[in-house]
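*Asks:* After the structure tokens below, expect a handful of questions from me.
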Amino acid sequence: MDARVMTPNDLNWPPAGECDSVPYGVFNDPEVFDREMELIYQGPTWNFLGLAAEVPNAGDYKATFIGDIPVVVTRDNDGQIYAWENRCAHRGALVVRDNCGSSDGSHTCVYHQWSFNNQGDLIGVPFRRGLGGNGGMPDDFDMQDYPLRKIRVEDYNGAVFGTFDWDMEDVDTYLGGDSSVNDHVKRIFNRPVKVLGHARQYIDSNWKFYAENTKDPYHASLLHLFHMTFGLYRSSQTGGVRLSNDWNTVLFSESGTDSDESLKETSDAHLRTYQAGDYSLEDMSLLAGRAGEWNDNTTLVILSIMPSLVIQQIQNTLAVRQIVPKNEKEFELVWTYFGYEDDDPELDAIRLKQINLIGPAGMISMEDGESSVICQQAISRSRDARNVLQMGGKTAEDQDHLVTETTIRGFWKKYRELMAY
Amino acid sequence: MSYETLLEVTGLINDYVACIDADELERWPDFFTPQCNYKVIPRENADAGLPVSVMFCDSQGMLKDRIVALRNANVFAPHFYRHLVSNTRITGESDGQIKAQTNYAVFQTLLDGETRIFNVGRYDDTIVRVDGKLLFKEKICVFDTYRIQTLMVTPI
Ligand code: FES
Ligand SMILES: [Fe+2]
């Protein structure tokens, strides 16, 4: 390990091997954040960079981040996707300054106009041989020695991942190979997708509060009250969670009404959530979906692929959410909604309308950002105190129900391993 | 285009934002025709020709449902909105429909008293007269502030 990122391991972790609680210091310590940028984001992980459909043609590019590091994704004339750190090899300026676009195959830094090709190789240096016999680069200056910092890329069924670790296993293995998590990824990316649009949220919380949230089926019917308020059935009672490589997880559930028994238990508990039947939707078209789109009954899939990706299917909405950490108490969440290239106009309309349910203004789930914020606000000076992650047990394994935090335990297990805590 | 039309349209827009700022959201759907189109769309999508809106209601019923959800279901930090609107221009008038563009800025204040610029953009409105009263048939809010702070629950 790089000595520069060694910090004293003074966090109040539970004994090695236990993953049912973590010290709040991981959420508010800038040194922990720096260490994550080294050991996780630039470590042995695959980071989501975007959809291949965002750079469909040769010359197309998009700017994004791995952790807080600016990177650019390009498609070259060979049809392959490349990525490099967006830091000029000369003196460090941003090479690409817009979010996305299309180039003629060269990317020129505005500062001194060094230019790079789509693969990140240096192809031009102004005044390299000097001007009127003056200046110029030394004779031994070789452009081959000054590429942009390259990132290894894999286009996995249309989802593009990048890593700084050139020795990494491939994405398929990272997702667990023959695993339920990987099967769910392949199910969603089963044919070419088309981008429907983006949404961005800036959330004043550590990125890991959100990572926990995306692995937390426990909160679904307790924090999110949309279904209960409108007397709509909850589908969350049948489903389960699966893990691969500990911290890549999927929560899924199938359509079907709640059992009378579980509804009664909910009602008897006098939860804030139970207001069934008090209101009804004026316009039910909001919920008009198309069943069986994937030839199954699955209506909810939340894939949480660490460290930076959530893939969701909620009814007919499809989206990837990229987690972009900014510092120990802020992150950005970039949503890219998509459909399939072969969607018919009716399905297009269904997906666009259901976005009302999911996203920064989503009536079902807008609370997720809020829950992260109120955690961050509460732990301002908490370092040694620990949270409690014991719903559904103390270990991390697959479970066939959703009353659990097993997936969050899996996350922290892998986190401790990568962070050498 | 007459000066009276401009005056009437700015009056409608002023009443509309006053209703939201006063938190009289139950009246908000009344500014629209029963069949309507309300979209809050990030400028990056609008510019790229991508259809995704963060809010998209195509009936007055959907507008009402949003408010019922806001009041009873959604969990968020209590806040006030303050809209400033300006530069209203009538961009077209035909078949009884008025097209208008207006700049807006929404300031959001949380209970700690801090005010943030929450959402800045442009209204693209299509306005019709029903029983003598102007109503929005279409209201497209194209917002420049396409990185939303935390969440958006109150309409723009
Ligand atoms: S910093 Fe990019 S060319 Fe000088
Ligand atoms: Fe949630």
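Quick note on naming: the chains in the structure tokens go A, B, ... in the order shown, residues restart at 1 in each chain, and ligands are numbered from 1 in order of appearance.
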Just want the 8 Å neighbourhood of region 408-421 of chain A, counted on only C-alpha atoms, with same-chain residues fewer than 2 positions away dropped. Output as a PyMOL selection string.
*Replies:* chain A and resi 9+13+17-22+35-36+39-40+212+215-216+243+245-248+389+394-397+405-406
*Asks:* Need to verify the contact set: Thr10 (chain B), 10 Å, only C-alpha atoms, exclusion of same-chain residues closer than 2 positions in sequence. Can you return it as a VMD selection string?
*Replies:* chain B and resid 4 to 8 12 to 16 85 to 90 100 102
*Asks:* Measuring atom to atom with only C-alpha atoms, identify which of B:Ala105, B:Ile127, B:Ile41, B:Cys19 is nearest to chain A.
*Replies:*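 Of the candidates, the smallest distance to chain A is held by B:Ile41.
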*Asks:* Which chains and residue numbers are within 10 Å of ligand 2, counting only C-alpha atoms and all ligand atoms, if I want them as a tab-separated table (two decimals) with N, CA and C atoms, in the first residue's frame?
*Replies:*
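Dumped to pocket10.tsv:
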```
chain	number	residue	atom	x	y	z
A	210	TYR	N	-25.58	7.06	1.11
A	210	TYR	CA	-26.44	6.72	-0.02
A	210	TYR	C	-26.19	5.27	-0.47
A	213	ASN	N	-28.18	3.22	1.65
A	213	ASN	CA	-29.60	3.35	1.31
A	213	ASN	C	-29.99	2.45	0.15
A	214	THR	N	-29.10	2.36	-0.85
A	214	THR	CA	-29.44	1.56	-2.03
A	214	THR	C	-29.34	0.07	-1.76
A	215	LYS	N	-28.84	-0.28	-0.57
A	215	LYS	CA	-28.73	-1.69	-0.20
A	215	LYS	C	-29.68	-2.00	0.95
A	216	ASP	N	-30.65	-1.16	1.15
A	216	ASP	CA	-31.46	-1.24	2.37
A	216	ASP	C	-32.94	-1.48	2.05
A	217	PRO	N	-33.36	-2.73	2.02
A	217	PRO	CA	-34.79	-2.97	1.76
A	217	PRO	C	-35.67	-2.67	2.98
A	218	TYR	N	-35.04	-2.59	4.14
A	218	TYR	CA	-35.76	-2.38	5.40
A	218	TYR	C	-36.57	-1.08	5.37
A	219	HIS	N	-35.99	-0.03	4.76
A	219	HIS	CA	-36.63	1.27	4.85
A	219	HIS	C	-37.79	1.44	3.86
A	220	ALA	N	-37.88	0.53	2.88
A	220	ALA	CA	-38.73	0.82	1.71
A	220	ALA	C	-40.16	1.20	2.09
A	221	SER	N	-40.79	0.40	2.94
A	221	SER	CA	-42.19	0.69	3.24
A	221	SER	C	-42.34	1.59	4.45
A	222	LEU	N	-41.22	1.97	5.06
A	222	LEU	CA	-41.27	2.79	6.28
A	222	LEU	C	-40.98	4.26	5.99
A	223	LEU	N	-40.00	4.50	5.13
A	223	LEU	CA	-39.68	5.88	4.76
A	223	LEU	C	-40.56	6.34	3.59
A	224	HIS	N	-40.77	5.46	2.62
A	224	HIS	CA	-41.50	5.84	1.41
A	224	HIS	C	-42.98	5.51	1.57
A	302	ILE	N	-33.19	-3.33	-7.64
A	302	ILE	CA	-32.20	-2.30	-7.32
A	302	ILE	C	-30.85	-3.00	-7.21
A	358	ILE	N	-39.88	8.14	-9.65
A	358	ILE	CA	-38.52	7.79	-9.26
A	358	ILE	C	-37.56	8.85	-9.77
A	364	ILE	N	-42.38	8.34	-5.25
A	364	ILE	CA	-42.14	7.14	-4.44
A	364	ILE	C	-40.87	7.28	-3.62
A	365	SER	N	-39.84	7.86	-4.20
A	365	SER	CA	-38.53	7.66	-3.58
A	365	SER	C	-37.67	8.90	-3.39
A	366	MET	N	-38.28	10.09	-3.50
A	366	MET	CA	-37.44	11.29	-3.32
A	366	MET	C	-36.78	11.34	-1.95
A	367	GLU	N	-37.34	10.59	-1.00
A	367	GLU	CA	-36.85	10.65	0.38
A	367	GLU	C	-35.42	10.10	0.54
A	368	ASP	N	-34.95	9.34	-0.44
A	368	ASP	CA	-33.64	8.72	-0.27
A	368	ASP	C	-32.52	9.75	-0.09
A	369	GLY	N	-32.58	10.83	-0.87
A	369	GLY	CA	-31.59	11.89	-0.71
A	369	GLY	C	-31.71	12.52	0.67
A	370	GLU	N	-32.94	12.74	1.07
A	370	GLU	CA	-33.21	13.37	2.36
A	370	GLU	C	-32.68	12.52	3.53
A	371	SER	N	-32.86	11.23	3.44
A	371	SER	CA	-32.42	10.37	4.54
A	371	SER	C	-30.89	10.45	4.68
```
*Asks:* Using only C-alpha atoms and all ligand atoms, find each protein or nucleic acid residue lying at most 7 Å from ligand 1; present the set as a VMD selection string.
*Replies:* chain A and resid 88 to 93 95 109 to 114
*Asks:* Show me, as a ChimeraX atom specification, the residues of chain A whose atoms get within 9 Å of chain B, using only C-alpha atoms for the distance check.
*Replies:* /A:195-204,223-230,273,279-286,332-334,337,352-367,369-371,373
*Asks:* Please compute the CA of Gln312 (chain A)-CA of Glu154 (chain A) distance, one decimal, in Å.
*Replies:*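 Computing it gives 20.3 Å between the two atoms.
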*Asks:* Using the chain letters and numbers from this document, which residues of region 22-68 of chain A does DSSP assign to alpha helix (DSSP H), as a list of chain:residue names?
*Replies:*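 Matching residues, listed in order: A:Gly25, A:Val26, A:Phe27, A:Asn28, A:Pro30, A:Glu31, A:Val32, A:Phe33, A:Asp34, A:Arg35, A:Glu36.
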*Asks:* Where in chain B does DSSP assign strand (DSSP E or B), given as a PyMOL selection string?
*Replies:* chain B and resi 32-42+55-57+79-94+97-110+115-130+133-143+147-149
*Asks:* Quote the spacing between CA of His184 (chain A) and CA of Leu251 (chain A) in Å to one decimal place.
*Replies:*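 About the pair CA of His184 (chain A) and CA of Leu251 (chain A): they are 9.8 Å apart.
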*Asks:* With distances taken over only C-alpha atoms, which residue among A:Gly132, A:Asn206, A:Asn118, A:Gly105 lies nearest Lys326 (chain A)?
*Replies:* A:Asn206
*Asks:* Between A:Glu254, A:Leu122, A:Val324, A:Gln390, which residue has the minimum interatomic distance to Ala291 (chain A), considering only C-alpha atoms?
*Replies:* A:Glu254
*Asks:* As an exercise, work out the distance from CA of Ala63 (chain A) to CA of Met37 (chain A) in Å and give it to one decimal place.
*Replies:*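 Computed distance, CA of Ala63 (chain A) to CA of Met37 (chain A), equals 18.3 Å.
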